[in-house]
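Raw input_1.txt, compact mmCIF, C-alpha atoms and all ligand atoms:
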# COMPACT_ATOMS: atom_id res chain seq x y z
CA MET A 176 80.95 167.32 130.48
CA GLN A 177 78.37 164.57 130.24
CA PRO A 178 79.78 161.05 130.06
CA PRO A 179 79.00 159.45 126.69
CA GLU A 180 75.99 157.17 126.50
CA ALA A 181 76.98 153.60 127.34
CA ILE A 182 76.97 151.10 124.48
CA PRO A 183 76.13 147.67 125.89
CA PHE A 184 77.77 144.58 124.45
CA LEU A 185 74.26 143.23 123.84
CA ASP A 186 71.00 145.12 124.24
CA LEU A 187 68.37 142.61 125.39
CA VAL A 188 65.97 145.26 126.69
CA THR A 189 64.90 147.02 123.48
CA PRO A 190 63.73 143.95 121.51
CA HIS A 191 61.60 142.79 124.46
CA ALA A 192 60.19 146.26 125.14
CA GLU A 193 58.90 146.38 121.56
CA LEU A 194 57.07 143.05 122.01
CA ARG A 195 55.94 143.59 125.58
CA ASP A 196 52.19 143.19 125.04
CA GLU A 197 52.51 140.10 122.86
CA LEU A 198 54.90 138.47 125.32
CA CYS A 199 52.67 139.24 128.32
CA ALA A 200 49.72 137.73 126.45
CA VAL A 201 51.61 134.42 126.33
CA PHE A 202 51.92 134.44 130.10
CA HIS A 203 48.24 135.26 130.52
CA ALA A 204 47.23 132.45 128.15
CA ALA A 205 49.31 130.00 130.19
CA LEU A 206 47.71 131.20 133.44
CA ASP A 207 44.23 130.87 131.96
CA THR A 208 44.73 127.29 130.82
CA ALA A 209 47.37 126.15 133.38
CA ALA A 210 49.06 124.30 130.47
CA PHE A 211 52.57 124.95 131.76
CA ILE A 212 54.37 121.85 130.48
CA GLY A 213 53.73 120.51 126.97
CA GLY A 214 50.48 121.33 125.22
CA PRO A 215 49.58 123.43 122.19
CA MET A 216 52.13 126.22 122.70
CA VAL A 217 55.02 123.73 122.67
CA GLN A 218 53.60 121.93 119.64
CA GLY A 219 52.99 125.22 117.86
CA PHE A 220 56.55 126.39 118.35
CA GLU A 221 58.00 123.02 117.34
CA ARG A 222 56.01 123.13 114.10
CA ASP A 223 57.08 126.71 113.33
CA PHE A 224 60.75 126.17 114.14
CA ALA A 225 60.92 122.96 112.06
CA ALA A 226 59.50 124.92 109.12
CA PHE A 227 61.96 127.76 109.73
CA CYS A 228 64.91 125.32 109.62
CA GLY A 229 63.53 123.35 106.68
CA VAL A 230 63.33 120.03 108.55
CA ARG A 231 60.54 117.59 109.30
CA HIS A 232 60.87 117.44 113.10
CA CYS A 233 61.67 119.78 115.95
CA VAL A 234 61.59 118.65 119.58
CA GLY A 235 61.66 121.35 122.25
CA VAL A 236 63.87 120.64 125.26
CA GLY A 237 65.10 122.40 128.39
CA SER A 238 68.33 123.94 127.04
CA GLY A 239 70.89 123.79 124.26
CA THR A 240 72.96 121.45 126.40
CA ASP A 241 70.00 119.05 126.73
CA ALA A 242 69.51 119.32 122.97
CA LEU A 243 73.11 118.28 122.24
CA ARG A 244 73.12 115.48 124.80
CA PHE A 245 69.79 114.06 123.66
CA ALA A 246 70.76 114.37 119.98
CA LEU A 247 73.97 112.39 120.53
CA MET A 248 72.14 109.72 122.53
CA ALA A 249 69.18 109.42 120.18
CA ALA A 250 71.43 109.25 117.13
CA GLY A 251 73.04 106.18 118.71
CA VAL A 252 76.55 107.41 119.54
CA PRO A 253 77.95 104.42 121.45
CA LYS A 254 79.12 104.87 125.04
CA GLY A 255 82.90 104.85 125.34
CA SER A 256 83.42 106.04 121.77
CA ILE A 257 85.12 109.23 120.60
CA VAL A 258 83.21 112.24 119.29
CA VAL A 259 85.31 114.79 117.40
CA THR A 260 84.70 118.52 117.76
CA VAL A 261 86.71 121.77 118.05
CA PRO A 262 88.45 123.36 121.05
CA ASN A 263 87.08 126.79 120.15
CA THR A 264 83.51 126.53 121.44
CA PHE A 265 81.46 126.85 124.60
CA ILE A 266 82.01 123.99 127.04
CA ALA A 267 78.41 122.78 126.64
CA THR A 268 79.49 121.12 123.38
CA THR A 269 81.91 118.80 125.19
CA GLU A 270 79.82 118.49 128.36
CA ALA A 271 77.08 116.99 126.24
CA ILE A 272 79.53 114.58 124.60
CA THR A 273 80.86 113.38 127.96
CA GLN A 274 77.42 113.21 129.54
CA SER A 275 76.13 111.09 126.67
CA GLY A 276 78.81 108.55 127.67
CA ALA A 277 81.32 109.39 124.91
CA ARG A 278 84.72 111.07 125.01
CA PRO A 279 85.41 114.38 123.29
CA ASP A 280 88.45 114.80 121.09
CA PHE A 281 89.46 117.78 118.99
CA VAL A 282 90.68 118.97 115.63
CA ASP A 283 91.96 122.51 115.15
CA ILE A 284 90.04 125.36 113.57
CA ASP A 285 90.34 127.36 110.36
CA GLU A 286 91.71 130.65 111.63
CA ARG A 287 89.65 132.71 109.22
CA THR A 288 86.23 131.24 110.07
CA TYR A 289 87.07 130.06 113.63
CA ASN A 290 85.19 126.85 112.82
CA MET A 291 86.27 123.25 112.25
CA ASP A 292 88.87 122.99 109.50
CA PRO A 293 87.75 120.06 107.32
CA GLU A 294 91.37 119.44 106.28
CA LYS A 295 92.29 118.96 109.94
CA LEU A 296 89.42 116.52 110.28
CA ARG A 297 90.68 114.63 107.23
CA GLU A 298 94.18 114.48 108.72
CA TYR A 299 92.77 113.27 112.02
CA LEU A 300 90.80 110.47 110.40
CA GLU A 301 93.59 109.44 108.02
CA ALA A 302 96.62 109.76 110.31
CA HIS A 303 95.31 109.13 113.82
CA CYS A 304 92.70 106.47 113.09
CA TYR A 305 92.50 103.22 111.16
CA LEU A 306 89.68 101.14 109.76
CA GLU A 307 89.42 97.75 111.40
CA GLY A 308 89.61 95.11 108.66
CA THR A 309 86.82 92.80 109.70
CA SER A 310 84.21 95.21 111.04
CA GLY A 311 85.06 98.35 109.09
CA ARG A 312 84.90 100.28 112.34
CA LEU A 313 87.07 103.35 112.79
CA ILE A 314 89.53 103.11 115.68
CA HIS A 315 91.80 105.76 117.18
CA ARG A 316 95.35 104.41 117.10
CA LYS A 317 96.61 105.85 120.39
CA LEU A 318 93.41 105.76 122.42
CA GLY A 319 92.21 102.44 121.09
CA GLN A 320 88.60 103.66 121.11
CA LEU A 321 86.00 103.76 118.36
CA VAL A 322 85.48 107.09 116.61
CA THR A 323 81.77 107.41 115.87
CA ALA A 324 80.64 111.01 115.50
CA VAL A 325 81.55 114.59 114.59
CA VAL A 326 80.07 117.74 116.10
CA PRO A 327 80.78 120.76 113.90
CA VAL A 328 79.92 124.00 115.70
CA HIS A 329 78.52 126.96 113.77
CA LEU A 330 80.27 129.41 116.05
CA TYR A 331 79.52 133.14 116.17
CA GLY A 332 76.59 132.61 113.76
CA GLN A 333 78.95 131.47 110.99
CA PRO A 334 78.21 128.11 109.35
CA ALA A 335 80.95 125.48 109.45
CA ASP A 336 82.07 124.18 106.05
CA MET A 337 79.64 121.27 105.93
CA ASP A 338 80.23 119.77 102.44
CA PRO A 339 83.67 118.29 103.17
CA ILE A 340 82.68 117.42 106.73
CA LEU A 341 79.63 115.48 105.50
CA GLU A 342 81.70 113.88 102.76
CA LEU A 343 84.29 112.63 105.29
CA ALA A 344 81.56 111.51 107.67
CA GLY A 345 79.99 109.51 104.85
CA ARG A 346 83.28 107.89 103.96
CA TYR A 347 84.08 106.93 107.56
CA ASN A 348 80.52 106.18 108.65
CA LEU A 349 80.42 108.92 111.29
CA ILE A 350 77.29 110.46 112.78
CA VAL A 351 77.13 114.25 112.30
CA ILE A 352 75.39 116.32 114.97
CA GLU A 353 75.41 120.07 114.32
CA ASP A 354 75.89 122.43 117.24
CA ALA A 355 73.73 125.23 115.88
CA CYS A 356 73.31 126.94 119.26
CA GLN A 357 74.71 130.24 117.93
CA ALA A 358 73.37 130.10 114.39
CA HIS A 359 69.55 130.19 114.16
CA GLY A 360 68.82 131.00 110.53
CA ALA A 361 72.40 131.04 109.20
CA GLU A 362 72.72 129.53 105.72
CA TYR A 363 75.30 127.42 103.95
CA PHE A 364 75.68 127.07 100.19
CA SER A 365 76.28 123.42 99.47
CA ARG A 366 78.51 123.17 96.41
CA ARG A 367 77.62 119.49 96.18
CA GLU A 368 73.91 120.16 96.03
CA GLN A 369 74.12 123.59 94.41
CA ARG A 370 71.66 125.08 96.87
CA TRP A 371 71.50 127.10 100.07
CA ARG A 372 70.73 125.08 103.18
CA LYS A 373 69.70 126.26 106.60
CA VAL A 374 72.00 125.47 109.45
CA GLY A 375 70.38 122.74 111.56
CA SER A 376 69.14 120.79 108.52
CA MET A 377 72.34 119.10 107.37
CA GLY A 378 73.40 116.72 110.15
CA LYS A 379 71.67 113.59 111.43
CA ALA A 380 70.30 115.93 114.12
CA SER A 381 71.09 119.45 115.27
CA ALA A 382 71.01 121.29 118.57
CA PHE A 383 69.75 124.81 119.18
CA SER A 384 69.88 126.89 122.36
CA PHE A 385 67.35 129.60 123.17
CA TYR A 386 69.33 131.03 126.06
CA PRO A 387 68.24 134.70 126.31
CA GLY A 388 71.38 136.10 124.67
CA LYS A 389 71.15 133.92 121.54
CA ASN A 390 69.76 135.33 118.27
CA LEU A 391 66.50 133.62 119.14
CA GLY A 392 66.28 133.70 122.92
CA ALA A 393 63.60 132.71 125.42
CA CYS A 394 62.87 134.63 128.61
CA GLY A 395 64.58 131.83 130.51
CA GLU A 396 66.18 128.51 129.57
CA ALA A 397 65.15 126.60 126.44
CA GLY A 398 66.51 124.53 123.56
CA ALA A 399 65.48 122.28 120.67
CA VAL A 400 66.66 119.46 118.45
CA THR A 401 65.90 119.47 114.73
CA THR A 402 66.06 116.35 112.56
CA ASN A 403 64.54 114.72 109.50
CA ASP A 404 64.62 111.31 111.16
CA PRO A 405 61.29 110.37 112.80
CA GLU A 406 62.90 107.71 115.02
CA ILE A 407 65.45 110.18 116.40
CA ALA A 408 62.63 112.64 117.07
CA ARG A 409 60.68 109.94 118.91
CA GLN A 410 63.69 108.98 121.01
CA ILE A 411 64.27 112.61 121.99
CA ARG A 412 60.63 113.04 122.97
CA MET A 413 61.17 110.12 125.34
CA LEU A 414 64.57 111.25 126.62
CA ARG A 415 63.21 114.69 127.53
CA ASP A 416 60.30 113.17 129.45
CA HIS A 417 61.64 110.41 131.72
CA GLY A 418 61.70 107.82 128.95
CA GLN A 419 57.94 107.68 128.60
CA GLU A 420 55.60 108.03 125.65
CA ARG A 421 52.61 107.09 127.77
CA LYS A 422 52.47 108.49 131.28
CA TYR A 423 54.15 106.18 133.83
CA PHE A 424 55.10 103.57 131.22
CA HIS A 425 58.87 104.04 130.94
CA GLU A 426 60.51 102.42 127.94
CA ILE A 427 63.93 103.74 128.95
CA GLU A 428 65.42 105.89 131.69
CA GLY A 429 65.27 109.48 130.51
CA TYR A 430 65.63 112.96 131.91
CA ASN A 431 63.59 115.94 132.96
CA GLY A 432 64.48 117.97 129.88
CA ARG A 433 61.23 119.44 128.61
CA LEU A 434 60.58 122.83 127.04
CA ASP A 435 58.04 124.66 129.15
CA ALA A 436 54.97 126.13 127.55
CA ILE A 437 55.54 129.77 128.49
CA GLN A 438 59.00 129.72 126.91
CA ALA A 439 57.60 127.99 123.82
CA GLY A 440 54.90 130.64 123.50
CA ILE A 441 57.46 133.42 123.88
CA LEU A 442 59.72 131.77 121.29
CA GLN A 443 56.82 131.47 118.87
CA VAL A 444 56.20 135.20 119.11
CA LYS A 445 59.89 136.03 118.75
CA LEU A 446 60.53 133.59 115.88
CA LYS A 447 58.32 135.75 113.63
CA HIS A 448 60.84 138.56 114.09
CA LEU A 449 63.99 136.47 113.75
CA PRO A 450 64.50 137.01 109.98
CA GLU A 451 64.30 140.79 110.45
CA TRP A 452 66.58 140.66 113.51
CA ASN A 453 69.15 138.53 111.70
CA GLU A 454 69.01 140.96 108.78
CA GLY A 455 69.60 143.82 111.24
CA ARG A 456 72.71 142.05 112.49
CA ARG A 457 73.95 141.43 108.94
CA GLN A 458 73.50 145.10 108.13
CA ALA A 459 75.35 146.06 111.31
CA ALA A 460 78.18 143.71 110.28
CA ALA A 461 78.29 145.34 106.85
CA ARG A 462 78.52 148.78 108.51
CA TYR A 463 81.41 147.66 110.70
CA ARG A 464 83.11 146.28 107.60
CA ARG A 465 82.75 149.64 105.80
CA LEU A 466 84.07 151.50 108.84
CA PHE A 467 87.10 149.21 109.00
CA ALA A 468 87.68 149.66 105.27
CA GLU A 469 87.49 153.46 105.57
CA ALA A 470 90.12 153.28 108.30
CA GLY A 471 92.38 151.14 106.10
CA MET A 472 91.91 148.13 108.36
CA GLU A 473 89.76 145.88 106.20
CA GLY A 474 91.67 142.85 107.47
CA LEU A 475 90.15 143.29 110.91
CA ALA A 476 86.60 142.58 109.70
CA PRO A 477 85.48 138.95 110.10
CA PHE A 478 85.86 136.72 107.06
CA GLU A 479 82.58 135.54 105.53
CA PRO A 480 83.15 132.90 102.86
CA GLN A 481 81.17 133.00 99.58
CA TRP A 482 79.28 129.93 100.74
CA ALA A 483 78.09 131.45 104.00
CA LYS A 484 75.26 133.70 105.11
CA ALA A 485 76.34 134.35 108.68
CA ILE A 486 73.87 135.78 111.16
CA TYR A 487 76.48 137.45 113.39
CA HIS A 488 75.48 136.15 116.77
CA LEU A 489 78.88 137.64 117.64
CA TYR A 490 81.04 140.10 115.73
CA VAL A 491 84.57 138.92 116.42
CA ILE A 492 87.81 140.73 115.63
CA ARG A 493 91.38 139.86 116.65
CA VAL A 494 93.57 142.21 118.63
CA PRO A 495 96.99 141.27 120.01
CA ASP A 496 96.65 143.73 122.90
CA ARG A 497 93.10 142.65 123.65
CA ASP A 498 93.19 143.49 127.34
CA GLY A 499 94.40 146.99 126.50
CA LEU A 500 91.49 147.56 124.12
CA ILE A 501 88.98 146.17 126.63
CA ARG A 502 90.28 148.60 129.27
CA HIS A 503 90.07 151.44 126.76
CA PHE A 504 86.48 150.43 125.89
CA ALA A 505 85.56 150.27 129.58
CA GLU A 506 86.69 153.86 130.08
CA ALA A 507 84.59 154.85 127.08
CA HIS A 508 81.56 152.92 128.46
CA ILE A 509 81.57 150.41 125.63
CA GLY A 510 80.88 146.74 126.35
CA ALA A 511 82.81 143.89 124.74
CA GLY A 512 83.13 140.13 125.21
CA ILE A 513 85.64 137.30 124.81
CA HIS A 514 84.40 134.09 123.17
CA TYR A 515 86.29 132.26 124.53
CA PRO A 516 89.38 133.06 126.62
CA VAL A 517 90.52 129.46 127.21
CA PRO A 518 90.27 126.76 124.52
CA LEU A 519 88.56 123.64 125.81
CA HIS A 520 91.63 121.38 125.63
CA LEU A 521 93.33 123.66 128.17
CA GLN A 522 90.42 123.95 130.60
CA ALA A 523 90.98 122.59 134.12
CA ALA A 524 87.92 120.39 133.62
CA TYR A 525 89.77 118.45 130.90
CA GLN A 526 93.14 118.04 132.60
CA SER A 527 92.53 114.31 132.80
CA LEU A 528 92.40 114.14 128.98
CA ARG A 529 96.08 115.20 128.99
CA TYR A 530 96.27 117.61 126.10
CA ALA A 531 99.43 119.62 125.59
CA LYS A 532 99.44 123.38 125.23
CA ASP A 533 100.38 123.36 121.55
CA ASP A 534 98.09 120.57 120.42
CA PHE A 535 95.71 123.02 118.70
CA PRO A 536 97.79 126.13 118.05
CA LEU A 537 95.26 128.03 115.95
CA ALA A 538 92.49 127.68 118.52
CA GLN A 539 94.96 128.66 121.23
CA GLN A 540 96.08 131.76 119.33
CA ALA A 541 92.47 132.75 118.66
CA ALA A 542 91.61 132.39 122.34
CA ALA A 543 94.35 134.88 123.18
CA GLU A 544 93.20 137.51 120.67
CA VAL A 545 89.48 137.32 119.91
CA LEU A 546 87.29 140.20 120.96
CA SER A 547 83.54 140.45 120.39
CA LEU A 548 82.32 143.97 119.58
CA PRO A 549 78.83 145.22 120.47
CA ILE A 550 76.27 143.93 117.98
CA GLY A 551 72.57 143.19 118.00
CA PRO A 552 69.48 143.63 115.87
CA LYS A 553 68.88 147.14 117.20
CA ILE A 554 72.40 148.59 117.20
CA VAL A 555 72.50 151.85 115.23
CA ALA A 556 75.13 153.39 112.95
CA ALA A 557 75.99 156.16 115.43
CA GLN A 558 76.84 153.57 118.09
CA GLN A 559 79.02 151.65 115.67
CA ARG A 560 80.81 154.84 114.59
CA ARG A 561 81.62 155.49 118.23
CA VAL A 562 82.95 151.97 118.71
CA MET A 563 85.14 152.59 115.66
CA LYS A 564 86.28 155.97 116.92
CA GLU A 565 87.43 154.38 120.17
CA ILE A 566 89.20 151.56 118.34
CA LEU A 567 91.11 154.19 116.34
CA ALA A 568 91.82 156.21 119.47
CA PHE A 569 93.25 153.09 121.03
CA GLY A 570 95.63 152.20 118.27
CA SER A 571 96.70 152.50 114.69
CA ALA A 572 96.41 149.64 112.25
CA PRO A 573 99.84 148.13 113.09
CA ARG A 574 99.02 147.99 116.79
CA LEU A 575 95.72 146.32 116.07
CA ALA A 576 96.74 143.82 113.44
CA ALA A 577 99.39 141.36 114.58
CA ALA A 578 102.29 140.54 112.31
CA HIS A 579 101.13 136.93 112.13
CA ALA A 580 97.63 137.97 111.18
CA SER A 581 98.87 139.54 107.97
CA GLY A 582 99.87 136.08 106.80
CA ALA A 583 96.53 134.69 107.87
CA ARG A 584 94.36 136.97 105.82
C1 LIG B 601 74.80 128.44 124.22
C2 LIG B 601 75.56 127.32 123.65
C3 LIG B 601 75.33 125.98 124.03
C4 LIG B 601 74.46 125.58 125.19
O1 LIG B 601 73.22 126.10 125.25
P1 LIG B 601 72.46 126.27 126.67
O2 LIG B 601 71.09 126.60 126.26
O3 LIG B 601 73.14 127.37 127.41
O4 LIG B 601 72.54 124.97 127.39
C5 LIG B 601 76.00 124.99 123.35
N1 LIG B 601 76.87 125.25 122.37
C6 LIG B 601 77.15 126.52 122.00
C7 LIG B 601 78.13 126.75 120.90
C8 LIG B 601 76.52 127.59 122.64
O5 LIG B 601 76.83 128.83 122.28
Reformat the file's structure so that it appears as structure tokens.
Amino acid sequence: MQPPEAIPFLDLVTPHAELRDELCAVFHAALDTAAFIGGPMVQGFERDFAAFCGVRHCVGVGSGTDALRFALMAAGVPKGSIVVTVPNTFIATTEAITQSGARPDFVDIDERTYNMDPEKLREYLEAHCYLEGTSGRLIHRKLGQLVTAVVPVHLYGQPADMDPILELAGRYNLIVIEDACQAHGAEYFSRREQRWRKVGSMGKASAFSFYPGKNLGACGEAGAVTTNDPEIARQIRMLRDHGQERKYFHEIEGYNGRLDAIQAGILQVKLKHLPEWNEGRRQAAARYRRLFAEAGMEGLAPFEPQWAKAIYHLYVIRVPDRDGLIRHFAEAHIGAGIHYPVPLHLQAAYQSLRYAKDDFPLAQQAAAEVLSLPIGPKIVAAQQRRVMKEILAFGSAPRLAAAHASGAR
């Protein structure tokens, strides 16, 4: 008997094969002009991506991590202050905070969306911090440090609940930097403004990654910051290029954090297809949801709030016996991922911050159970039916849905 065709966790080959000629033309254009760093391809992509996000400025940089670090620095987050984010994210979020000179701290997630729970942020600001009488500055009671910024992460392609986060940030004078590295094109319905807003247009500045596996990926490393603030955009242009606006006249010390022209050209080609690719992922998510419903396991499908148009960078379910299902998938030649197995507060890298195991129980529980199923713009119904068939072969609904999860959904 023939082994079944493998279903990769993410198929990066097909989308590039379809655009092969257009992508190769970018490389040829760069060779012909030798404009490898900066130049019209970078400017062209920055213009197009700003328009796509509905913001005035986009500055291309070397990676999503650069984008976050530069955004925090350019927005004026003071060194030695605290920046609040979530433990359920990729470590780049907190690396950027530390590397900008600040200290990361966490609030727990909403277990249905896996993103920052605005109520937890409110508790943090009200119970763990106080406003200094004379200056009006916000100070963390135990740590004695200023609290100056919040980084909500739009994880898995799902927007964080920005209205209450922005409202709290306004009240406490906090800078909001969106980590939009997994959410190119996701939309959020602002109840306050009664309109849909693109992710990456709501904070003071926002960071995007174009790592190859992201919904919009380069053929190498790349990232960008979006903002409506011209001064922040100017600062980031300097930070990415050794602190200079004019060659060899350095206003500040910066970094080598530029977006190279070939990647910009490739991104410009691929950006045209992003709406159709995101739609393909949304349709794939809807198919998974129907398959779960048909199997009587609707609760396993990810929760998408009324106010969200998620773009399913990842399609995440929760399974108590996750390792068992991964082994079962491996035998059936089906790929899967874990995003992420260890919450940041429990990473060895952050031992010195002295968090306790139960400090963020919902993020910790999620880390033990989340499983990312195969998804991508080109996944087809037959592949998804096979994923479903193997999930059912692995276990019945009770084995898949934990007792505690029933209360959660
Ligand atoms: C990918 C990612 C980053 C970092 O992007 P790089 O381009 O890899 O530096 C930051 N935050 C999140 C949530 C990400 O998924």
Give the residues close to ligand LIG 601 (chain B), within 8 Å, counting all atoms listed in the file; write them as an mmCIF file with C-alpha atoms, in the coordinates of the input.
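Resulting contents of result.cif:
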data_model
loop_
_atom_site.group_PDB
_atom_site.id
_atom_site.type_symbol
_atom_site.label_atom_id
_atom_site.label_comp_id
_atom_site.auth_asym_id
_atom_site.auth_seq_id
_atom_site.Cartn_x
_atom_site.Cartn_y
_atom_site.Cartn_z
ATOM 1 C CA GLY A 237 65.100 122.400 128.390
ATOM 2 C CA SER A 238 68.330 123.940 127.040
ATOM 3 C CA GLY A 239 70.890 123.790 124.260
ATOM 4 C CA THR A 240 72.960 121.450 126.400
ATOM 5 C CA ASP A 241 70.000 119.050 126.730
ATOM 6 C CA ALA A 242 69.510 119.320 122.970
ATOM 7 C CA LEU A 243 73.110 118.280 122.240
ATOM 8 C CA THR A 264 83.510 126.530 121.440
ATOM 9 C CA PHE A 265 81.460 126.850 124.600
ATOM 10 C CA ILE A 266 82.010 123.990 127.040
ATOM 11 C CA ALA A 267 78.410 122.780 126.640
ATOM 12 C CA THR A 268 79.490 121.120 123.380
ATOM 13 C CA VAL A 328 79.920 124.000 115.700
ATOM 14 C CA HIS A 329 78.520 126.960 113.770
ATOM 15 C CA LEU A 330 80.270 129.410 116.050
ATOM 16 C CA TYR A 331 79.520 133.140 116.170
ATOM 17 C CA ASP A 354 75.890 122.430 117.240
ATOM 18 C CA ALA A 355 73.730 125.230 115.880
ATOM 19 C CA CYS A 356 73.310 126.940 119.260
ATOM 20 C CA GLN A 357 74.710 130.240 117.930
ATOM 21 C CA ALA A 382 71.010 121.290 118.570
ATOM 22 C CA PHE A 383 69.750 124.810 119.180
ATOM 23 C CA SER A 384 69.880 126.890 122.360
ATOM 24 C CA PHE A 385 67.350 129.600 123.170
ATOM 25 C CA TYR A 386 69.330 131.030 126.060
ATOM 26 C CA LYS A 389 71.150 133.920 121.540
ATOM 27 C CA GLU A 396 66.180 128.510 129.570
ATOM 28 C CA ALA A 397 65.150 126.600 126.440
ATOM 29 C CA GLY A 398 66.510 124.530 123.560
#
*At what distance in Å, to one decimal, does atom CA of Asn390 of chain A lie from atom CA of Gln274 of chain A?*
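The value is 26.0 Å.
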*So, counting only C-alpha atoms, which residue among A:Ala249, A:Gly388, A:Ser527, A:Pro179 is closest to Gln410 of chain A?*
A:Ala249
*asked:* Taking all atoms listed in the file into account, name the residue in A:Pro293, A:Gly255, A:Gly551, A:Gly229 that is nearest to Met377 of chain A.
replied: A:Gly229
Find the residues near segment 193-204 of chain A: any atom within 12 Å, counting all atoms listed in the file, skip ones fewer than 3 places away on the same chain, and give them as a PDB file with C-alpha atoms, in the coordinates of the input.
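After the write, around.pdb holds the following:
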ATOM      1  CA  LEU A 187      68.370 142.610 125.390  1.00  0.00           C
ATOM      2  CA  VAL A 188      65.970 145.260 126.690  1.00  0.00           C
ATOM      3  CA  THR A 189      64.900 147.020 123.480  1.00  0.00           C
ATOM      4  CA  PRO A 190      63.730 143.950 121.510  1.00  0.00           C
ATOM      5  CA  ASP A 207      44.230 130.870 131.960  1.00  0.00           C
ATOM      6  CA  THR A 208      44.730 127.290 130.820  1.00  0.00           C
ATOM      7  CA  ALA A 209      47.370 126.150 133.380  1.00  0.00           C
ATOM      8  CA  ALA A 210      49.060 124.300 130.470  1.00  0.00           C
ATOM      9  CA  PHE A 211      52.570 124.950 131.760  1.00  0.00           C
ATOM     10  CA  GLY A 214      50.480 121.330 125.220  1.00  0.00           C
ATOM     11  CA  PRO A 215      49.580 123.430 122.190  1.00  0.00           C
ATOM     12  CA  MET A 216      52.130 126.220 122.700  1.00  0.00           C
ATOM     13  CA  VAL A 217      55.020 123.730 122.670  1.00  0.00           C
ATOM     14  CA  ALA A 393      63.600 132.710 125.420  1.00  0.00           C
ATOM     15  CA  CYS A 394      62.870 134.630 128.610  1.00  0.00           C
ATOM     16  CA  ASP A 435      58.040 124.660 129.150  1.00  0.00           C
ATOM     17  CA  ALA A 436      54.970 126.130 127.550  1.00  0.00           C
ATOM     18  CA  ILE A 437      55.540 129.770 128.490  1.00  0.00           C
ATOM     19  CA  GLN A 438      59.000 129.720 126.910  1.00  0.00           C
ATOM     20  CA  ALA A 439      57.600 127.990 123.820  1.00  0.00           C
ATOM     21  CA  GLY A 440      54.900 130.640 123.500  1.00  0.00           C
ATOM     22  CA  ILE A 441      57.460 133.420 123.880  1.00  0.00           C
ATOM     23  CA  LEU A 442      59.720 131.770 121.290  1.00  0.00           C
ATOM     24  CA  GLN A 443      56.820 131.470 118.870  1.00  0.00           C
ATOM     25  CA  VAL A 444      56.200 135.200 119.110  1.00  0.00           C
ATOM     26  CA  LYS A 445      59.890 136.030 118.750  1.00  0.00           C
ATOM     27  CA  LEU A 446      60.530 133.590 115.880  1.00  0.00           C
ATOM     28  CA  LYS A 447      58.320 135.750 113.630  1.00  0.00           C
ATOM     29  CA  HIS A 448      60.840 138.560 114.090  1.00  0.00           C
ATOM     30  CA  LYS A 553      68.880 147.140 117.200  1.00  0.00           C
TER      31      LYS A 553
END
*asked:* Taking 4 positions as the minimum chain separation for residues in the same chain, which residues sit within 9 Å of Ile182 of chain A when counting all atoms listed in the file? Answer as a PyMOL selection string.
replied: chain A and resi 186+507-510+549+554+558+561-562
_Interatomic distance, atom CA of Thr288 of chain A to atom CA of Pro477 of chain A (Å, one decimal)_ =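 Between atom CA of Thr288 of chain A and atom CA of Pro477 of chain A the gap is 7.7 Å.
Atom CA of Thr273 of chain A is positioned 11.2 Å from atom CA of Val252 of chain A.
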*Which residue gives the smallest distance to Lys373 of chain A among A:Tyr289, A:Phe467, A:Phe569, A:Phe224, with only C-alpha atoms counted?*
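Smallest distance to Lys373 of chain A is found for A:Phe224.
Excluding Gly332 of chain A and any residue on its chain fewer than 6 positions from it, the residues at most 9 Å away by all atoms listed in the file are Ala355, Cys356, Gln357, Ala358, His359, Gly360, Ala361, Asn390, Lys484, Ala485, Ile486, Tyr487, His488, Leu489 and Tyr490 of chain A.
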_Counting all atoms listed in the file, the residue of A:Ala250, A:Val322, A:Ala461, A:Ile492 that sits nearest Arg278 of chain A_ =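 Looking only at the distances to Arg278 of chain A, the closest residue turns out to be A:Val322.
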_Contact residues around Glu469 of chain A with all atoms listed in the file at 12 Å, ignoring same-chain residues under 4 positions, as a PyMOL selection string_ = chain A and resi 462-465+473-476+560+563-564+567+572
Go ahead and save the residues from that selection, with C-alpha atoms, as a tab-separated table (two decimals), in the frame of the given file.
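Final output, result15.tsv:
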chain	number	residue	atom	x	y	z
A	462	ARG	CA	78.52	148.78	108.51
A	463	TYR	CA	81.41	147.66	110.70
A	464	ARG	CA	83.11	146.28	107.60
A	465	ARG	CA	82.75	149.64	105.80
A	473	GLU	CA	89.76	145.88	106.20
A	474	GLY	CA	91.67	142.85	107.47
A	475	LEU	CA	90.15	143.29	110.91
A	476	ALA	CA	86.60	142.58	109.70
A	560	ARG	CA	80.81	154.84	114.59
A	563	MET	CA	85.14	152.59	115.66
A	564	LYS	CA	86.28	155.97	116.92
A	567	LEU	CA	91.11	154.19	116.34
A	572	ALA	CA	96.41	149.64	112.25
*Selection near Gln320 of chain A, 9 Å with all atoms listed in the file, sequence-local residues under 6 positions removed, as a list of chain:residue names*: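 Listing them by chain and then by number gives A:Gly255, A:Ser256, A:Ile257, A:Leu313, A:Ile314.
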*Find the residue from A:Ala246, A:Leu296, A:Met337, A:Leu318 that sits nearest to Trp371 of chain A; use only C-alpha atoms when measuring.*
A:Met337
